[in-house]
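Participant: One structure, as structure tokens, below. Some questions next.
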Number of protein chains: 2
Amino acid sequence: MPQPAAQVLAASLTPLTADKSIAHDRFAGHVKSLLKKGCDGVLLFGTTGEANSFTVGERRAALESLLEAGVAPSKLVVGTGCCALPDTLSLTRHALELGVHRVLVLPPFYYKNVSEDGLFNTFATLIEQLDHPALRLYLYHFPKMAVVSFTPELIARLAERFPEQLAGIKDSTGNKEHTMMLNSRFPALEVFAGSEMFLLDYLRAGGAGCISATTNLTAGLAAGVRDHYQSPDGEFAQQQLSAVRAVFERYPMIGALKGLLAMQTGDSAWENLRLPLSNLDEDSVAELRHALSELNFPVQAD
Amino acid sequence: MPQPAAQVLAASLTPLTADKSIAHDRFAGHVKSLLKKGCDGVLLFGTTGEANSFTVGERRAALESLLEAGVAPSKLVVGTGCCALPDTLSLTRHALELGVHRVLVLPPFYYKNVSEDGLFNTFATLIEQLDHPALRLYLYHFPKMAVVSFTPELIARLAERFPEQLAGIKDSTGNKEHTMMLNSRFPALEVFAGSEMFLLDYLRAGGAGCISATTNLTAGLAAGVRDHYQSPDGEFAQQQLSAVRAVFERYPMIGALKGLLAMQTGDSAWENLRLPLSNLDEDSVAELRHALSELNFPVQAD
């Protein structure tokens with residue numbers, strides 16, 4: 001399989017209304033703007049998208065509304081991994097039926113210390129029951145959040161059994177060496193870094209790119225690294241990108257991203273989060289704003 | 001509030017058909033048999049009941065079928081805690097509408113390192129939106145599985161704000177000192193131990209009792225401890241109970257319990273588990289059978 005082109009995907013935030021429902025119009029607008037700013041694609045309902053805080057019905061309705069609003073299914077990756085296999089199956093089948101072929105799947109994450117066979121059989125059952133030739137399944141490896149995780153041995157078993165359907169991995173460890181290791185070990189898979197912190201080095205090493213939370217706000221910079229990673233322009237963009245990311249990592253990520261988007265757009269509805277997540281407190285908002293201003297990063301509406 | 005009487009509840013297994021659907025008839029039969037063997041009540045859809053491996057719809061249908069089969073709603077506690085607050089709300093409202101007033105609620109367990117305010121507001125929103133005078137809510141504290149957990153400070157805030165609705169805690173740490181501490185600190189709450197390993201000592205210390213997985217198989221022994229905890233008969237029953245529990249703790253608990261129930265009943269359908277869980281391998285089954293036989297514990301159909 002030829003090495004895919006370098007790609008930058010945003011792990012989209014999910015905008016909410018005042019009553020904490022998904023704001024469909026604002027969601028479509030945000031996704032379109034991320035694509036317009038240079039993202040190769042957008043992940044819906046990852047961790048940043050508060051996926052597991054929504055019902056299966058809410059997730060289906062939101063995807064339908066985005067497609068009705070004109071977002072191209074080929075630009076989307078949809079997170080579909082739930083604790084209950086029938087829910088994962090239902091969400092994945094729904095995405096496929098709507099022409100979205102790329103799905104990012106968490107392992108079932110309630111039970112801990114599950115056997116490798118249990119996880120293998122979960123994914124094997126999912127892929128076999130879907131029985132869809134266009135399925136492109138990405139494994140969502142995020143041990144800090146899901147706790148349950150994918151070992152290289154498990155990935156190898158799945159890749160061997162399902163060479164057509166298993167498309168890649170999103171490695172959200174934040175650990176550069178781990179991402180590089182997966183990329184070397186699985187040359188037939190697209191291994192995405194879960195952050196753009198080491199995007200330049202990763203692209204230079206032949207990596208697929210990133211699917212990142214902060215790209216909700218740094219799409220232009222990340223696209224700059226992607227487009228110029230072999231030149232000094234790319235190095236400059238990466239420095240800026242890393243500096244901005246480092247500021248966000250000081251705060252609870254989703255609250256910080258939504259808070260800043262509210263500032264940038266002048267739309268305070270962006271501050272709404274689904275429980276159990278909370279907004280940043282006022283002091284943190286002021287600190288975040290100050291730290292980003294120091295980097296000349298835009299922090300208010302034009 | 002007067003100290004409640006000592007109680008033993010089983011955290012019921014959920015029997016499945018060959019296609020891994022919930023076996024409604026077998027479920028009702030099992031719950032009735034647990035009550036007949038002396039359990040004061042039965043918890044449906046705790047961790048042992050593979051709760052989070054089922055959809056919201058499957059959980060609702062199973063509860064309805066149990067009640068239609070004649071199980072008294074007053075004998076039941078239903079696990080209703082999901083990652084998505086609307087799912088928790090929906091399952092809890094459904095239980096209340098059917099006359100089941102006791103619910104056991106996990107914290108939303110996908111996001112880790114959530115603020116105390118975020119968890120407090122989740123439970124406050126749940127209780128306020130339910131707005132039901134008969135609600136008796138138990139907090140499900142199981143840090144090894146849910147990772148997200150209830151600190152004493154959070155419990156105190158909820159108990160103070162909702163003295164009528166917050167009924168108690170299931171402490172599944174397995175840590176006797178922790179359960180004793182919660183029981184001393186919250187005299188108005190029913191604090192249940194998540195195992196019967198220290199049931200006798202806990203009842204002697206004035207504890208409410210236990211809600212336990214192994215009670216699926218040891219209901220008679222656990223009831224014996226409850227009925228005789230102030231006498232040497234209780235001590236003898238506790239020794240037997242602890243010895244049996246210790247055997248089960250060597251294996252993945254749910255697979256071991258279902259495997260033994262299949263042996264005891266001669267009904268191999270009990271061996272079905274929902275993925276990602278797996279049956280015990282044959283060697284483990286043989287070892288388990290041998291170890292329990294040594295204790296004169298019944299391991300085959302009459």
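Chain labels run A, B, ... following the order of the structure tokens; each chain numbers its residues from 1, and ligands are numbered from 1 in the order shown.
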Please report, as JSON, numbers by chain, each residue of segment 106-293 of chain A to which DSSP assigns strand (DSSP E) when run on this structure's backbone.
Facilitator: {"A": [136, 137, 138, 139, 140, 141, 166, 167, 168, 169, 170, 171, 190, 191, 192, 193, 209, 210, 211, 212]}
Participant: Using C-alpha atoms, can you export the residues from the last selection as a compact mmCIF listing (two decimals), in the first residue's frame?
Facilitator:
```txt
# COMPACT_ATOMS: atom_id res chain seq x y z
CA ARG A 136 -12.32 1.78 7.03
CA LEU A 137 -11.92 1.21 10.75
CA TYR A 138 -9.44 3.10 12.92
CA LEU A 139 -8.58 1.91 16.43
CA TYR A 140 -8.83 4.62 19.06
CA HIS A 141 -5.93 4.14 21.48
CA LEU A 166 -8.53 -2.18 9.48
CA ALA A 167 -7.35 1.18 8.20
CA GLY A 168 -5.34 2.65 11.04
CA ILE A 169 -4.92 3.91 14.57
CA LYS A 170 -5.33 7.20 16.38
CA ASP A 171 -2.64 7.12 19.04
CA GLU A 190 -2.44 4.99 8.81
CA VAL A 191 -1.18 5.84 12.28
CA PHE A 192 -2.35 9.29 13.34
CA ALA A 193 -0.83 11.14 16.26
CA GLY A 209 -0.37 13.10 10.31
CA CYS A 210 -2.56 13.98 13.25
CA ILE A 211 -6.13 14.04 14.48
CA SER A 212 -6.02 16.67 17.17
```
Participant: What lies within 8 Å of segment 290-296 of chain A using only C-alpha atoms, ignoring chain neighbours under 5 positions off, as an MDAnalysis selection string?
Facilitator: chainID A and resid 240 243:244 247
Participant: Excluding segment 4-13 of chain B and any residue of its chain fewer than 6 positions from it, enumerate the residues within 6 Å of it, using only C-alpha atoms, and give them as a list in words.
Facilitator: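 These residues fall inside the cut-off: Cys39, Asp40, Gly41, Val42, Leu43, Leu44, Thr48, Gly49, Ala208, Gly209, Cys210, Ile211, Ser212, Ala213, Thr215 and Asn216 of chain B.
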Participant: Run DSSP on the backbone and grab whatever in segment 37-276 of chain B lands in helix (DSSP H, G or I); send it over as a PyMOL selection string.
Facilitator: chain B and resi 51-53+56-68+73-75+85-97+116-130+143-146+152-161+176-185+199-204+215-227+232-248+253-265+268-271
Participant: Convert the current residue selection to file output with C-alpha atoms, as a CSV table (one decimal), in the first residue's frame.
Facilitator:
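Once everything was written out, this is selection.csv:
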```
chain,number,residue,atom,x,y,z
B,51,ALA,CA,-24.9,-3.5,32.6
B,52,ASN,CA,-22.8,-1.4,30.4
B,53,SER,CA,-22.6,-4.1,27.8
B,56,VAL,CA,-30.6,1.3,27.1
B,57,GLY,CA,-33.4,-0.4,25.2
B,58,GLU,CA,-32.3,-3.9,26.3
B,59,ARG,CA,-32.1,-2.8,29.9
B,60,ARG,CA,-35.6,-1.3,29.9
B,61,ALA,CA,-37.1,-4.4,28.3
B,62,ALA,CA,-35.4,-6.7,30.8
B,63,LEU,CA,-36.8,-4.8,33.8
B,64,GLU,CA,-40.2,-4.8,32.3
B,65,SER,CA,-40.1,-8.5,31.7
B,66,LEU,CA,-39.0,-9.2,35.3
B,67,LEU,CA,-41.9,-7.2,36.7
B,68,GLU,CA,-44.3,-8.9,34.3
B,73,PRO,CA,-40.5,-3.9,42.4
B,74,SER,CA,-39.8,-3.3,46.1
B,75,LYS,CA,-37.3,-6.1,46.1
B,85,LEU,CA,-26.6,11.8,31.5
B,86,PRO,CA,-29.7,11.6,29.3
B,87,ASP,CA,-29.3,7.8,29.3
B,88,THR,CA,-29.0,7.7,33.1
B,89,LEU,CA,-32.0,10.0,33.4
B,90,SER,CA,-34.0,7.8,31.0
B,91,LEU,CA,-33.2,4.5,32.7
B,92,THR,CA,-33.9,6.0,36.2
B,93,ARG,CA,-37.2,7.6,35.2
B,94,HIS,CA,-38.2,4.3,33.6
B,95,ALA,CA,-37.5,2.4,36.9
B,96,LEU,CA,-39.4,4.9,38.9
B,97,GLU,CA,-42.4,4.7,36.6
B,116,GLU,CA,-15.9,17.6,42.0
B,117,ASP,CA,-18.3,20.3,40.9
B,118,GLY,CA,-18.8,18.5,37.6
B,119,LEU,CA,-19.8,15.3,39.4
B,120,PHE,CA,-21.9,17.1,42.0
B,121,ASN,CA,-23.7,18.9,39.2
B,122,THR,CA,-24.3,15.7,37.3
B,123,PHE,CA,-26.0,14.1,40.3
B,124,ALA,CA,-27.8,17.3,41.2
B,125,THR,CA,-29.2,17.7,37.7
B,126,LEU,CA,-30.3,14.0,37.7
B,127,ILE,CA,-32.1,14.2,41.0
B,128,GLU,CA,-33.7,17.6,40.2
B,129,GLN,CA,-34.8,16.6,36.7
B,130,LEU,CA,-36.3,13.3,38.1
B,143,PRO,CA,-12.8,2.9,41.5
B,144,LYS,CA,-11.1,-0.1,40.0
B,145,MET,CA,-13.7,-0.4,37.3
B,146,ALA,CA,-15.2,3.1,36.8
B,152,PRO,CA,-16.2,11.6,51.0
B,153,GLU,CA,-16.4,15.3,50.4
B,154,LEU,CA,-18.5,14.8,47.3
B,155,ILE,CA,-20.8,12.3,49.1
B,156,ALA,CA,-21.2,14.9,52.0
B,157,ARG,CA,-22.2,17.6,49.6
B,158,LEU,CA,-24.8,15.4,47.9
B,159,ALA,CA,-26.1,14.1,51.2
B,160,GLU,CA,-26.5,17.6,52.5
B,161,ARG,CA,-28.3,18.9,49.4
B,176,LYS,CA,-13.0,-3.1,54.8
B,177,GLU,CA,-11.6,0.0,56.4
B,178,HIS,CA,-13.0,2.2,53.6
B,179,THR,CA,-16.5,0.7,54.0
B,180,MET,CA,-16.3,1.1,57.8
B,181,MET,CA,-15.1,4.7,57.4
B,182,LEU,CA,-18.0,5.6,55.1
B,183,ASN,CA,-20.5,3.9,57.4
B,184,SER,CA,-19.2,5.9,60.4
B,185,ARG,CA,-19.0,9.2,58.5
B,199,LEU,CA,-20.0,-9.2,56.2
B,200,LEU,CA,-20.1,-10.5,59.8
B,201,ASP,CA,-17.7,-7.9,61.2
B,202,TYR,CA,-19.5,-5.2,59.2
B,203,LEU,CA,-22.9,-6.2,60.6
B,204,ARG,CA,-21.5,-6.3,64.1
B,215,THR,CA,-24.2,-14.0,46.4
B,216,ASN,CA,-25.5,-15.3,43.1
B,217,LEU,CA,-24.2,-18.6,44.4
B,218,THR,CA,-23.9,-18.1,48.1
B,219,ALA,CA,-27.3,-16.6,48.9
B,220,GLY,CA,-28.1,-19.2,51.6
B,221,LEU,CA,-24.7,-18.8,53.4
B,222,ALA,CA,-24.9,-15.0,53.2
B,223,ALA,CA,-28.4,-15.1,54.6
B,224,GLY,CA,-27.1,-17.3,57.4
B,225,VAL,CA,-24.5,-14.7,58.4
B,226,ARG,CA,-27.2,-12.0,58.3
B,227,ASP,CA,-29.6,-14.0,60.5
B,232,PRO,CA,-21.2,-18.5,66.7
B,233,ASP,CA,-23.5,-19.9,64.0
B,234,GLY,CA,-22.9,-16.6,62.1
B,235,GLU,CA,-19.1,-17.0,62.5
B,236,PHE,CA,-19.3,-20.5,61.0
B,237,ALA,CA,-21.3,-19.3,58.1
B,238,GLN,CA,-18.9,-16.4,57.5
B,239,GLN,CA,-15.9,-18.8,57.4
B,240,GLN,CA,-17.6,-20.8,54.7
B,241,LEU,CA,-18.7,-17.7,52.8
B,242,SER,CA,-15.2,-16.2,52.9
B,243,ALA,CA,-13.6,-19.5,51.8
B,244,VAL,CA,-15.9,-19.7,48.7
B,245,ARG,CA,-15.5,-16.0,47.9
B,246,ALA,CA,-11.7,-16.4,48.0
B,247,VAL,CA,-11.8,-19.2,45.4
B,248,PHE,CA,-13.9,-17.0,43.0
B,253,MET,CA,-15.4,-13.0,38.5
B,254,ILE,CA,-18.3,-12.9,36.0
B,255,GLY,CA,-17.1,-15.8,33.9
B,256,ALA,CA,-16.4,-17.9,37.0
B,257,LEU,CA,-19.9,-17.2,38.4
B,258,LYS,CA,-21.6,-18.0,35.2
B,259,GLY,CA,-19.5,-21.1,34.6
B,260,LEU,CA,-20.4,-22.4,38.1
B,261,LEU,CA,-24.0,-21.6,37.7
B,262,ALA,CA,-24.0,-23.6,34.4
B,263,MET,CA,-22.6,-26.5,36.3
B,264,GLN,CA,-25.0,-26.2,39.2
B,265,THR,CA,-28.1,-25.9,37.1
B,268,SER,CA,-25.1,-24.5,29.7
B,269,ALA,CA,-26.8,-21.3,28.5
B,270,TRP,CA,-25.5,-19.7,31.7
B,271,GLU,CA,-22.0,-19.8,30.1
```
Participant: What is the atom CA of Ala28 of chain B-atom CA of Asp267 of chain B distance in Å, reported with one decimal?
Facilitator: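 Separation between atom CA of Ala28 of chain B and atom CA of Asp267 of chain B: 15.0 Å.
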Participant: Which residue, B:Ser231, B:Ser278, B:Asn113, B:Thr151, has the smallest gap to Tyr251 of chain A when you use only C-alpha atoms?
Facilitator: B:Asn113
Participant: For atom CA of Phe297 of chain A and atom CA of Gly266 of chain A, quote the distance in Å rounded to one decimal.
Facilitator: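 We find that atom CA of Phe297 of chain A and atom CA of Gly266 of chain A lie 15.6 Å from each other.
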Participant: Provide the atom CA of Ser284 of chain B to atom CA of Pro252 of chain B distance in Å, to one decimal place.
Facilitator: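 Atom CA of Pro252 of chain B lies 9.9 Å from atom CA of Ser284 of chain B.
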Participant: Using only C-alpha atoms, can you tell me which of A:Arg26, A:His228, A:Arg250, A:Lys112 comes closest to chain B?
Facilitator: A:Lys112
Participant: Using only C-alpha atoms, can you tell me which of A:Ala18, A:Ala84, A:Leu135, A:Leu288 comes closest to His101 of chain A?
Facilitator: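 Closest to His101 of chain A of all the choices is A:Leu135.
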Participant: Between B:Pro276, B:Asp131, B:Asp281, B:Leu104, which one has atoms that come closest to Cys82 of chain A, using only C-alpha atoms?
Facilitator: B:Pro276
